[in-house]
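Text of model_35.json, listed as JSON, C-alpha atoms:
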```
[["chain", "number", "residue", "atom", "x", "y", "z"],
["A", 91, "MET", "CA", -23.24, -20.44, 5.49],
["A", 92, "ALA", "CA", -21.05, -19.17, 8.33],
["A", 93, "LYS", "CA", -22.35, -19.26, 11.91],
["A", 94, "GLU", "CA", -21.55, -15.59, 12.59],
["A", 95, "LEU", "CA", -21.09, -12.71, 10.15],
["A", 96, "ILE", "CA", -18.63, -9.97, 11.08],
["A", 97, "GLY", "CA", -18.80, -6.76, 9.05],
["A", 98, "TYR", "CA", -16.05, -4.36, 8.05],
["A", 99, "ALA", "CA", -16.77, -0.91, 6.66],
["A", 100, "ARG", "CA", -14.15, 1.62, 5.60],
["A", 101, "VAL", "CA", -14.06, 4.96, 3.85],
["A", 102, "SER", "CA", -10.92, 6.79, 2.84],
["A", 103, "THR", "CA", -11.49, 10.21, 4.35],
["A", 104, "THR", "CA", -13.15, 11.67, 7.40],
["A", 105, "GLY", "CA", -15.52, 13.64, 5.14],
["A", 106, "GLN", "CA", -17.02, 10.45, 3.69],
["A", 107, "LYS", "CA", -19.87, 8.60, 5.37],
["A", 108, "LEU", "CA", -20.13, 4.92, 6.26],
["A", 109, "ASP", "CA", -23.96, 4.89, 6.24],
["A", 110, "VAL", "CA", -24.47, 2.99, 2.97],
["A", 111, "GLN", "CA", -21.95, 0.30, 3.93],
["A", 112, "LEU", "CA", -23.31, -0.02, 7.47],
["A", 113, "ASP", "CA", -26.88, -0.39, 6.17],
["A", 114, "ALA", "CA", -25.80, -3.13, 3.74],
["A", 115, "LEU", "CA", -23.80, -5.01, 6.41],
["A", 116, "THR", "CA", -26.67, -4.80, 8.90],
["A", 117, "ALA", "CA", -29.15, -6.01, 6.26],
["A", 118, "GLN", "CA", -26.82, -8.96, 5.55],
["A", 119, "GLY", "CA", -27.08, -9.98, 9.22],
["A", 120, "CYS", "CA", -23.70, -8.93, 10.61],
["A", 121, "THR", "CA", -23.70, -9.28, 14.39],
["A", 122, "LYS", "CA", -20.62, -7.10, 14.86],
["A", 123, "ILE", "CA", -19.31, -4.38, 12.53],
["A", 124, "TYR", "CA", -15.83, -2.88, 12.59],
["A", 125, "GLN", "CA", -15.58, 0.52, 10.95],
["A", 126, "GLU", "CA", -12.91, 3.08, 10.24],
["A", 127, "LYS", "CA", -12.13, 6.18, 8.26],
["A", 128, "ARG", "CA", -8.67, 5.52, 6.88],
["A", 129, "SER", "CA", -7.12, 5.46, 3.46],
["A", 130, "GLY", "CA", -6.88, 1.99, 1.96],
["A", 131, "LYS", "CA", -3.32, 2.87, 0.93],
["A", 132, "THR", "CA", -2.08, 2.82, 4.50],
["A", 133, "ALA", "CA", -1.15, -0.37, 6.30],
["A", 134, "ASP", "CA", -2.21, 1.28, 9.57],
["A", 135, "ARG", "CA", -5.83, 0.17, 9.85],
["A", 136, "PRO", "CA", -6.36, -0.65, 13.53],
["A", 137, "GLU", "CA", -10.02, -1.72, 13.20],
["A", 138, "LEU", "CA", -9.14, -4.15, 10.41],
["A", 139, "GLU", "CA", -6.39, -5.59, 12.61],
["A", 140, "LYS", "CA", -8.80, -5.95, 15.55],
["A", 141, "MET", "CA", -11.34, -7.69, 13.34],
["A", 142, "LEU", "CA", -8.79, -10.09, 11.85],
["A", 143, "ASP", "CA", -7.68, -10.95, 15.37],
["A", 144, "TYR", "CA", -11.29, -11.34, 16.58],
["A", 145, "VAL", "CA", -12.72, -13.68, 13.92],
["A", 146, "ARG", "CA", -12.79, -17.41, 14.60],
["A", 147, "GLU", "CA", -13.20, -20.59, 12.61],
["A", 148, "GLY", "CA", -16.65, -20.96, 11.04],
["A", 149, "GLU", "CA", -17.31, -17.23, 10.94],
["A", 150, "ALA", "CA", -17.22, -14.97, 7.89],
["A", 151, "ILE", "CA", -16.15, -11.42, 7.25],
["A", 152, "VAL", "CA", -18.55, -9.36, 5.17],
["A", 153, "VAL", "CA", -17.56, -6.27, 3.15],
["A", 154, "THR", "CA", -19.55, -4.35, 0.56],
["A", 155, "LYS", "CA", -16.69, -4.20, -1.96],
["A", 156, "LEU", "CA", -13.33, -5.94, -2.19],
["A", 157, "ASP", "CA", -11.43, -2.63, -2.20],
["A", 158, "ARG", "CA", -12.83, -1.80, 1.25],
["A", 159, "LEU", "CA", -10.81, -4.72, 2.66],
["A", 160, "GLY", "CA", -7.42, -4.55, 0.96],
["A", 161, "ARG", "CA", -5.13, -1.83, -0.28],
["A", 162, "SER", "CA", -3.57, -3.93, -3.06],
["A", 163, "VAL", "CA", -3.81, -7.36, -4.64],
["A", 164, "ALA", "CA", -0.90, -8.50, -2.48],
["A", 165, "ASP", "CA", -2.63, -7.16, 0.63],
["A", 166, "LEU", "CA", -5.87, -8.93, -0.33],
["A", 167, "ALA", "CA", -3.96, -12.15, -0.96],
["A", 168, "ASN", "CA", -2.35, -11.92, 2.50],
["A", 169, "ILE", "CA", -5.70, -11.24, 4.17],
["A", 170, "SER", "CA", -7.31, -14.06, 2.21],
["A", 171, "LYS", "CA", -4.56, -16.48, 3.26],
["A", 172, "LEU", "CA", -4.92, -15.42, 6.91],
["A", 173, "LEU", "CA", -8.69, -15.96, 6.75],
["A", 174, "GLU", "CA", -8.29, -19.32, 5.01],
["A", 175, "ASP", "CA", -5.77, -20.47, 7.64],
["A", 176, "LYS", "CA", -8.20, -19.47, 10.41],
["A", 177, "GLY", "CA", -11.13, -21.18, 8.68],
["A", 178, "VAL", "CA", -12.92, -17.86, 8.20],
["A", 179, "GLY", "CA", -14.97, -17.09, 5.10],
["A", 180, "LEU", "CA", -15.13, -13.86, 3.12],
["A", 181, "ILE", "CA", -18.33, -12.44, 1.66],
["A", 182, "VAL", "CA", -18.15, -9.49, -0.75],
["A", 183, "LEU", "CA", -21.67, -8.23, -1.35],
["A", 184, "ASP", "CA", -21.29, -6.10, -4.50],
["A", 185, "GLN", "CA", -19.17, -8.67, -6.34],
["A", 186, "GLY", "CA", -21.22, -11.68, -5.24],
["A", 187, "ILE", "CA", -18.24, -13.47, -3.69],
["A", 188, "ASP", "CA", -18.73, -15.92, -0.85],
["A", 189, "THR", "CA", -15.64, -18.00, -0.08],
["A", 190, "THR", "CA", -17.67, -20.24, 2.19],
["A", 191, "THR", "CA", -18.81, -21.88, -1.08],
["A", 192, "PRO", "CA", -16.64, -23.53, -3.76],
["A", 193, "HIS", "CA", -18.05, -21.18, -6.41],
["A", 194, "GLY", "CA", -17.21, -18.14, -4.25],
["A", 195, "LYS", "CA", -13.64, -19.32, -3.70],
["A", 196, "LEU", "CA", -13.20, -19.69, -7.45],
["A", 197, "MET", "CA", -14.64, -16.21, -8.10],
["A", 198, "PHE", "CA", -12.36, -14.64, -5.49],
["A", 199, "HIS", "CA", -9.23, -16.22, -6.98],
["A", 200, "MET", "CA", -10.27, -15.29, -10.51],
["A", 201, "ILE", "CA", -10.84, -11.65, -9.55],
["A", 202, "ALA", "CA", -7.55, -11.56, -7.66],
["A", 203, "ALA", "CA", -5.72, -13.08, -10.67],
["A", 204, "VAL", "CA", -7.24, -10.54, -13.07],
["A", 205, "ALA", "CA", -6.34, -7.69, -10.70],
["A", 206, "GLU", "CA", -2.78, -8.99, -10.42],
["A", 207, "PHE", "CA", -2.57, -9.22, -14.23],
["A", 208, "GLU", "CA", -3.81, -5.62, -14.60],
["A", 209, "LEU", "CA", -1.28, -4.46, -12.02],
["A", 210, "SER", "CA", 1.53, -6.19, -13.95],
["A", 211, "LEU", "CA", 0.42, -4.61, -17.23],
["A", 212, "ARG", "CA", 0.27, -1.17, -15.63],
["A", 213, "TYR", "CA", 3.77, -1.61, -14.19],
["A", 214, "GLU", "CA", 5.08, -2.80, -17.56],
["A", 215, "ARG", "CA", 3.62, 0.26, -19.33],
["A", 216, "GLN", "CA", 5.06, 2.53, -16.64],
["A", 217, "MET", "CA", 8.54, 1.06, -17.07],
["A", 218, "GLU", "CA", 8.28, 1.44, -20.87],
["A", 219, "GLY", "CA", 7.29, 5.08, -20.41],
["A", 220, "ILE", "CA", 10.19, 5.72, -18.06],
["A", 221, "ALA", "CA", 12.66, 4.08, -20.47],
["A", 222, "LYS", "CA", 11.33, 6.19, -23.36],
["A", 223, "ALA", "CA", 11.56, 9.37, -21.27],
["A", 224, "LYS", "CA", 15.16, 8.55, -20.34],
["A", 225, "GLU", "CA", 15.99, 8.02, -24.02],
["A", 226, "GLN", "CA", 14.62, 11.50, -24.66],
["A", 227, "GLY", "CA", 16.86, 12.95, -21.97],
["A", 228, "VAL", "CA", 14.37, 13.33, -19.13],
["A", 229, "LYS", "CA", 16.12, 13.29, -15.75],
["A", 230, "PHE", "CA", 14.39, 11.61, -12.80],
["A", 231, "GLY", "CA", 14.82, 12.25, -9.11],
["A", 232, "ARG", "CA", 15.41, 15.38, -7.11],
["A", 233, "LYS", "CA", 17.46, 18.16, -8.58],
["A", 234, "LYS", "CA", 20.92, 18.45, -7.10],
["A", 235, "THR", "CA", 20.85, 21.29, -4.58],
["A", 236, "ILE", "CA", 24.25, 21.01, -2.93],
["A", 237, "ASP", "CA", 26.83, 23.62, -3.96],
["A", 238, "ARG", "CA", 29.37, 21.11, -5.26],
["A", 239, "GLU", "CA", 32.08, 23.71, -5.81],
["A", 240, "ARG", "CA", 31.74, 24.86, -2.20],
["A", 241, "VAL", "CA", 32.02, 21.23, -0.98],
["A", 242, "HIS", "CA", 35.26, 20.76, -2.93],
["A", 243, "GLN", "CA", 36.62, 24.13, -1.78],
["A", 244, "LEU", "CA", 35.94, 23.30, 1.87],
["A", 245, "ARG", "CA", 37.54, 19.86, 1.49],
["A", 246, "GLU", "CA", 40.64, 21.43, -0.05],
["A", 247, "GLU", "CA", 40.78, 23.73, 2.98],
["A", 248, "GLY", "CA", 41.01, 20.57, 5.10],
["A", 249, "LEU", "CA", 37.57, 20.55, 6.71],
["A", 250, "SER", "CA", 36.14, 17.20, 7.84],
["A", 251, "LEU", "CA", 33.06, 15.69, 6.18],
["A", 252, "GLY", "CA", 30.97, 16.60, 9.24],
["A", 253, "LYS", "CA", 32.07, 20.25, 9.18],
["A", 254, "ILE", "CA", 31.47, 20.49, 5.43],
["A", 255, "ALA", "CA", 28.00, 18.98, 5.87],
["A", 256, "ALA", "CA", 27.16, 21.52, 8.56],
["A", 257, "GLU", "CA", 28.50, 24.38, 6.43],
["A", 258, "VAL", "CA", 26.52, 23.53, 3.26],
["A", 259, "GLY", "CA", 23.44, 22.18, 5.08],
["A", 260, "CYS", "CA", 23.38, 18.52, 4.13],
["A", 261, "SER", "CA", 24.34, 15.12, 5.52],
["A", 262, "LYS", "CA", 27.85, 13.69, 5.72],
["A", 263, "ALA", "CA", 26.70, 10.96, 3.30],
["A", 264, "ALA", "CA", 25.74, 13.63, 0.75],
["A", 265, "VAL", "CA", 29.16, 15.27, 1.09],
["A", 266, "HIS", "CA", 30.82, 11.90, 0.66],
["A", 267, "LYS", "CA", 28.74, 11.26, -2.48],
["A", 268, "VAL", "CA", 29.68, 14.64, -3.99],
["A", 269, "LEU", "CA", 33.37, 13.99, -3.34],
["A", 270, "ALA", "CA", 33.12, 10.44, -4.72],
["A", 271, "GLU", "CA", 31.49, 11.75, -7.93],
["A", 272, "TYR", "CA", 34.40, 14.15, -8.35],
["A", 273, "ILE", "CA", 36.96, 11.37, -7.94],
["A", 274, "ALA", "CA", 35.10, 9.11, -10.41],
["A", 275, "GLN", "CA", 35.30, 11.75, -13.18]]
```
Could you write out this file's structure as structure tokens?
Amino acid sequence: MAKELIGYARVSTTGQKLDVQLDALTAQGCTKIYQEKRSGKTADRPELEKMLDYVREGEAIVVTKLDRLGRSVADLANISKLLEDKGVGLIVLDQGIDTTTPHGKLMFHMIAAVAEFELSLRYERQMEGIAKAKEQGVKFGRKKTIDRERVHQLREEGLSLGKIAAEVGCSKAAVHKVLAEYIAQ
């Protein structure tokens, strides 16, 4: 068992409460608990960063659930690697993972592998759906909003790309793209 347990609690929105997580981390014996109300989807989690910087060899981070710690399998893998390199364990209460033990390390890697597999399957199904939609004529991306005829008219009048962009309300790159599409036809 690690010499010091450091807790991390996170909820996604300011309306949610940390009480249940804080109670569980305190009951586990955490001597210090970092907490924040931030979406797990964002990389900007200052308290997580502070905790990862704070922990030292022989200590362990404790979370109630794996998804409280990482925003994706890749993110969890990066955090896990950082902890392993620092000699810091990871304890996940609800999933019974404790990487300070050989069994816990195995469980963590198995769960991460399954999650990675599920992510790959989901991506594969998404790509199949997109391909099928394209076959059926579905168009993806933003609708074209630039008045292409006006762009060509202004160019024929001799206006520069910058003046055309200002006139139609877009970037010079967009004007250039419209003109290039015309030439390619």
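Proximity ranking of A:Leu95, A:Leu108, A:Leu138, A:Ala167 relative to Ile151 of chain A places A:Leu95 first, based on all atoms listed in the file.
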Note to self: Could you list, as an MDAnalysis selection string, every residue within 9 Å of segment 112-117 of chain A, counting only C-alpha atoms and ignoring same-chain residues fewer than 5 positions away?
What the structure shows: chainID A and resid 95:99 122:123 125 152:154 183
Could you turn the residues from that selection into a file that holds C-alpha atoms, as a tab-separated table (two decimals), keeping the file's coordinate frame?
```tsv
chain	number	residue	atom	x	y	z
A	95	LEU	CA	-21.09	-12.71	10.15
A	96	ILE	CA	-18.63	-9.97	11.08
A	97	GLY	CA	-18.80	-6.76	9.05
A	98	TYR	CA	-16.05	-4.36	8.05
A	99	ALA	CA	-16.77	-0.91	6.66
A	122	LYS	CA	-20.62	-7.10	14.86
A	123	ILE	CA	-19.31	-4.38	12.53
A	125	GLN	CA	-15.58	0.52	10.95
A	152	VAL	CA	-18.55	-9.36	5.17
A	153	VAL	CA	-17.56	-6.27	3.15
A	154	THR	CA	-19.55	-4.35	0.56
A	183	LEU	CA	-21.67	-8.23	-1.35
```
Next item on the list: Can you work out which one of A:Arg128, A:Asp157, A:Leu172, A:Asp184 has the shortest atom-to-atom distance to Val145 of chain A, counting all atoms listed in the file?
Entry: A:Leu172
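Compared by their closest atoms to Glu126 of chain A, and using only C-alpha atoms, the residues A:Lys222, A:Gly148, A:Val101, A:Asp109 rank with A:Val101 nearest.
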Checklist line | Residue nearest Asp165 of chain A - candidates A:Arg232, A:Ala133, A:Gly179, A:Gly194, atoms counted: all atoms listed in the file | finding: A:Ala133
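In this structure, atom CA of Val268 of chain A sits 7.6 Å away from atom CA of Val241 of chain A.
The shell of residues at most 9 Å from Leu244 of chain A, with all atoms listed in the file counted and near chain neighbours (fewer than 4 positions) removed, consists of Glu239, Arg240, Gly248, Leu249, Ser250, Lys253, Ile254 and Glu257 of chain A.
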Is it possible to get the axis-aligned box enclosing segment 185-191 of chain A (all listed atoms, 6 Å extra per side) as AutoDock Vina command-line options, with centre and edge lengths in Å rounded to one decimal?
```
--center_x -18.4 --center_y -15.3 --center_z -2.1 --size_x 17.6 --size_y 25.2 --size_z 20.5
```
Margin query: Please determine, counting only C-alpha atoms, which residue among A:Gly252, A:Arg212, A:Asp237, A:Glu94 has the shortest atom-to-atom distance to Gln118 of chain A.
Written below: A:Glu94
Checklist line | Point-to-point distance in Å for atom CA of Val182 of chain A and atom CA of Leu156 of chain A | finding: 6.2 Å
Margin query: Just checking: using only C-alpha atoms, which residue out of A:Thr189, A:Lys127, A:Met197, A:Gly231 ends up closest to Thr103 of chain A?
Written below: A:Lys127
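Put simply, atom CA of Arg158 of chain A is 14.2 Å away from atom CA of Ala202 of chain A.
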Checklist line | Test item: residues at most 10 Å from Glu174 of chain A, only C-alpha atoms, excluding those fewer than 6 positions along its chain, as a PyMOL selection string | finding: chain A and resi 147+168+180+189-190
Notebook entry, point to check: What's the 10 Å shell around Val265 of chain A, counting all atoms listed in the file, without same-chain residues fewer than 2 positions away, as number ranges by chain?
Noted result: A: 236, 238, 241-242, 245, 250-256, 258-263, 267-271
Residues from last step as file, C-alpha atoms, as a PDB file, keeping the file's coordinate frame:
```
ATOM      1  CA  ILE A 236      24.250  21.010  -2.930  1.00  0.00           C
ATOM      2  CA  ARG A 238      29.370  21.110  -5.260  1.00  0.00           C
ATOM      3  CA  VAL A 241      32.020  21.230  -0.980  1.00  0.00           C
ATOM      4  CA  HIS A 242      35.260  20.760  -2.930  1.00  0.00           C
ATOM      5  CA  ARG A 245      37.540  19.860   1.490  1.00  0.00           C
ATOM      6  CA  SER A 250      36.140  17.200   7.840  1.00  0.00           C
ATOM      7  CA  LEU A 251      33.060  15.690   6.180  1.00  0.00           C
ATOM      8  CA  GLY A 252      30.970  16.600   9.240  1.00  0.00           C
ATOM      9  CA  LYS A 253      32.070  20.250   9.180  1.00  0.00           C
ATOM     10  CA  ILE A 254      31.470  20.490   5.430  1.00  0.00           C
ATOM     11  CA  ALA A 255      28.000  18.980   5.870  1.00  0.00           C
ATOM     12  CA  ALA A 256      27.160  21.520   8.560  1.00  0.00           C
ATOM     13  CA  VAL A 258      26.520  23.530   3.260  1.00  0.00           C
ATOM     14  CA  GLY A 259      23.440  22.180   5.080  1.00  0.00           C
ATOM     15  CA  CYS A 260      23.380  18.520   4.130  1.00  0.00           C
ATOM     16  CA  SER A 261      24.340  15.120   5.520  1.00  0.00           C
ATOM     17  CA  LYS A 262      27.850  13.690   5.720  1.00  0.00           C
ATOM     18  CA  ALA A 263      26.700  10.960   3.300  1.00  0.00           C
ATOM     19  CA  LYS A 267      28.740  11.260  -2.480  1.00  0.00           C
ATOM     20  CA  VAL A 268      29.680  14.640  -3.990  1.00  0.00           C
ATOM     21  CA  LEU A 269      33.370  13.990  -3.340  1.00  0.00           C
ATOM     22  CA  ALA A 270      33.120  10.440  -4.720  1.00  0.00           C
ATOM     23  CA  GLU A 271      31.490  11.750  -7.930  1.00  0.00           C
TER      24      GLU A 271
END
```
Take segment 213-249 of chain A, bring it up to N, CA and C atoms, and give me the output as a PDB file, in the coordinates of the input.
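So part-v4.pdb came out as:
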```pdb
ATOM      1  N   TYR A 213       2.362  -1.767 -14.541  1.00  0.00           N
ATOM      2  CA  TYR A 213       3.770  -1.610 -14.190  1.00  0.00           C
ATOM      3  C   TYR A 213       4.642  -1.677 -15.445  1.00  0.00           C
ATOM      4  N   GLU A 214       4.330  -2.637 -16.315  1.00  0.00           N
ATOM      5  CA  GLU A 214       5.080  -2.800 -17.560  1.00  0.00           C
ATOM      6  C   GLU A 214       5.002  -1.527 -18.408  1.00  0.00           C
ATOM      7  N   ARG A 215       3.793  -0.966 -18.549  1.00  0.00           N
ATOM      8  CA  ARG A 215       3.620   0.260 -19.330  1.00  0.00           C
ATOM      9  C   ARG A 215       4.364   1.422 -18.675  1.00  0.00           C
ATOM     10  N   GLN A 216       4.353   1.469 -17.360  1.00  0.00           N
ATOM     11  CA  GLN A 216       5.060   2.530 -16.640  1.00  0.00           C
ATOM     12  C   GLN A 216       6.563   2.441 -16.907  1.00  0.00           C
ATOM     13  N   MET A 217       7.111   1.236 -16.834  1.00  0.00           N
ATOM     14  CA  MET A 217       8.540   1.060 -17.070  1.00  0.00           C
ATOM     15  C   MET A 217       8.913   1.419 -18.512  1.00  0.00           C
ATOM     16  N   GLU A 218       8.036   1.077 -19.471  1.00  0.00           N
ATOM     17  CA  GLU A 218       8.280   1.440 -20.870  1.00  0.00           C
ATOM     18  C   GLU A 218       8.281   2.958 -21.027  1.00  0.00           C
ATOM     19  N   GLY A 219       7.357   3.628 -20.360  1.00  0.00           N
ATOM     20  CA  GLY A 219       7.290   5.080 -20.410  1.00  0.00           C
ATOM     21  C   GLY A 219       8.518   5.739 -19.811  1.00  0.00           C
ATOM     22  N   ILE A 220       8.988   5.190 -18.704  1.00  0.00           N
ATOM     23  CA  ILE A 220      10.190   5.720 -18.060  1.00  0.00           C
ATOM     24  C   ILE A 220      11.399   5.539 -18.956  1.00  0.00           C
ATOM     25  N   ALA A 221      11.532   4.349 -19.574  1.00  0.00           N
ATOM     26  CA  ALA A 221      12.660   4.080 -20.470  1.00  0.00           C
ATOM     27  C   ALA A 221      12.634   5.050 -21.655  1.00  0.00           C
ATOM     28  N   LYS A 222      11.453   5.275 -22.225  1.00  0.00           N
ATOM     29  CA  LYS A 222      11.330   6.190 -23.360  1.00  0.00           C
ATOM     30  C   LYS A 222      11.693   7.615 -22.940  1.00  0.00           C
ATOM     31  N   ALA A 223      11.243   8.027 -21.768  1.00  0.00           N
ATOM     32  CA  ALA A 223      11.560   9.370 -21.270  1.00  0.00           C
ATOM     33  C   ALA A 223      13.064   9.525 -21.064  1.00  0.00           C
ATOM     34  N   LYS A 224      13.711   8.485 -20.537  1.00  0.00           N
ATOM     35  CA  LYS A 224      15.160   8.550 -20.340  1.00  0.00           C
ATOM     36  C   LYS A 224      15.891   8.664 -21.672  1.00  0.00           C
ATOM     37  N   GLU A 225      15.400   7.923 -22.682  1.00  0.00           N
ATOM     38  CA  GLU A 225      15.990   8.020 -24.020  1.00  0.00           C
ATOM     39  C   GLU A 225      15.895   9.440 -24.569  1.00  0.00           C
ATOM     40  N   GLN A 226      14.835  10.135 -24.189  1.00  0.00           N
ATOM     41  CA  GLN A 226      14.620  11.500 -24.660  1.00  0.00           C
ATOM     42  C   GLN A 226      15.296  12.538 -23.764  1.00  0.00           C
ATOM     43  N   GLY A 227      16.073  12.051 -22.798  1.00  0.00           N
ATOM     44  CA  GLY A 227      16.860  12.950 -21.970  1.00  0.00           C
ATOM     45  C   GLY A 227      16.191  13.443 -20.703  1.00  0.00           C
ATOM     46  N   VAL A 228      15.044  12.910 -20.359  1.00  0.00           N
ATOM     47  CA  VAL A 228      14.370  13.330 -19.130  1.00  0.00           C
ATOM     48  C   VAL A 228      15.164  12.804 -17.935  1.00  0.00           C
ATOM     49  N   LYS A 229      15.406  13.673 -16.970  1.00  0.00           N
ATOM     50  CA  LYS A 229      16.120  13.290 -15.750  1.00  0.00           C
ATOM     51  C   LYS A 229      15.105  13.035 -14.646  1.00  0.00           C
ATOM     52  N   PHE A 230      15.292  11.965 -13.903  1.00  0.00           N
ATOM     53  CA  PHE A 230      14.390  11.610 -12.800  1.00  0.00           C
ATOM     54  C   PHE A 230      15.087  11.884 -11.472  1.00  0.00           C
ATOM     55  N   GLY A 231      14.286  12.021 -10.445  1.00  0.00           N
ATOM     56  CA  GLY A 231      14.820  12.250  -9.110  1.00  0.00           C
ATOM     57  C   GLY A 231      14.888  13.725  -8.784  1.00  0.00           C
ATOM     58  N   ARG A 232      15.293  13.999  -7.555  1.00  0.00           N
ATOM     59  CA  ARG A 232      15.410  15.380  -7.110  1.00  0.00           C
ATOM     60  C   ARG A 232      16.553  16.082  -7.810  1.00  0.00           C
ATOM     61  N   LYS A 233      16.384  17.355  -8.011  1.00  0.00           N
ATOM     62  CA  LYS A 233      17.460  18.160  -8.580  1.00  0.00           C
ATOM     63  C   LYS A 233      18.564  18.297  -7.525  1.00  0.00           C
ATOM     64  N   LYS A 234      19.793  18.326  -7.998  1.00  0.00           N
ATOM     65  CA  LYS A 234      20.920  18.450  -7.100  1.00  0.00           C
ATOM     66  C   LYS A 234      20.939  19.872  -6.540  1.00  0.00           C
ATOM     67  N   THR A 235      20.939  19.969  -5.219  1.00  0.00           N
ATOM     68  CA  THR A 235      20.850  21.290  -4.580  1.00  0.00           C
ATOM     69  C   THR A 235      22.109  21.644  -3.800  1.00  0.00           C
ATOM     70  N   ILE A 236      23.033  20.744  -3.698  1.00  0.00           N
ATOM     71  CA  ILE A 236      24.250  21.010  -2.930  1.00  0.00           C
ATOM     72  C   ILE A 236      25.220  21.800  -3.821  1.00  0.00           C
ATOM     73  N   ASP A 237      25.820  22.827  -3.242  1.00  0.00           N
ATOM     74  CA  ASP A 237      26.830  23.620  -3.960  1.00  0.00           C
ATOM     75  C   ASP A 237      28.108  22.775  -4.011  1.00  0.00           C
ATOM     76  N   ARG A 238      28.260  22.052  -5.124  1.00  0.00           N
ATOM     77  CA  ARG A 238      29.370  21.110  -5.260  1.00  0.00           C
ATOM     78  C   ARG A 238      30.729  21.817  -5.220  1.00  0.00           C
ATOM     79  N   GLU A 239      30.807  22.982  -5.823  1.00  0.00           N
ATOM     80  CA  GLU A 239      32.080  23.710  -5.810  1.00  0.00           C
ATOM     81  C   GLU A 239      32.471  24.083  -4.386  1.00  0.00           C
ATOM     82  N   ARG A 240      31.477  24.486  -3.598  1.00  0.00           N
ATOM     83  CA  ARG A 240      31.740  24.860  -2.200  1.00  0.00           C
ATOM     84  C   ARG A 240      32.216  23.639  -1.413  1.00  0.00           C
ATOM     85  N   VAL A 241      31.602  22.473  -1.661  1.00  0.00           N
ATOM     86  CA  VAL A 241      32.020  21.230  -0.980  1.00  0.00           C
ATOM     87  C   VAL A 241      33.490  20.947  -1.280  1.00  0.00           C
ATOM     88  N   HIS A 242      33.866  21.044  -2.555  1.00  0.00           N
ATOM     89  CA  HIS A 242      35.260  20.760  -2.930  1.00  0.00           C
ATOM     90  C   HIS A 242      36.213  21.800  -2.344  1.00  0.00           C
ATOM     91  N   GLN A 243      35.800  23.068  -2.345  1.00  0.00           N
ATOM     92  CA  GLN A 243      36.620  24.130  -1.780  1.00  0.00           C
ATOM     93  C   GLN A 243      36.868  23.894  -0.295  1.00  0.00           C
ATOM     94  N   LEU A 244      35.800  23.544   0.436  1.00  0.00           N
ATOM     95  CA  LEU A 244      35.940  23.300   1.870  1.00  0.00           C
ATOM     96  C   LEU A 244      36.818  22.083   2.149  1.00  0.00           C
ATOM     97  N   ARG A 245      36.716  21.074   1.306  1.00  0.00           N
ATOM     98  CA  ARG A 245      37.540  19.860   1.490  1.00  0.00           C
ATOM     99  C   ARG A 245      39.011  20.190   1.252  1.00  0.00           C
ATOM    100  N   GLU A 246      39.265  21.023   0.239  1.00  0.00           N
ATOM    101  CA  GLU A 246      40.640  21.430  -0.050  1.00  0.00           C
ATOM    102  C   GLU A 246      41.221  22.255   1.095  1.00  0.00           C
ATOM    103  N   GLU A 247      40.343  22.957   1.816  1.00  0.00           N
ATOM    104  CA  GLU A 247      40.780  23.730   2.980  1.00  0.00           C
ATOM    105  C   GLU A 247      41.028  22.831   4.184  1.00  0.00           C
ATOM    106  N   GLY A 248      40.712  21.521   4.045  1.00  0.00           N
ATOM    107  CA  GLY A 248      41.010  20.570   5.100  1.00  0.00           C
ATOM    108  C   GLY A 248      39.891  20.301   6.078  1.00  0.00           C
ATOM    109  N   LEU A 249      38.683  20.783   5.803  1.00  0.00           N
ATOM    110  CA  LEU A 249      37.570  20.550   6.710  1.00  0.00           C
ATOM    111  C   LEU A 249      37.133  19.081   6.660  1.00  0.00           C
TER     112      LEU A 249
END
```
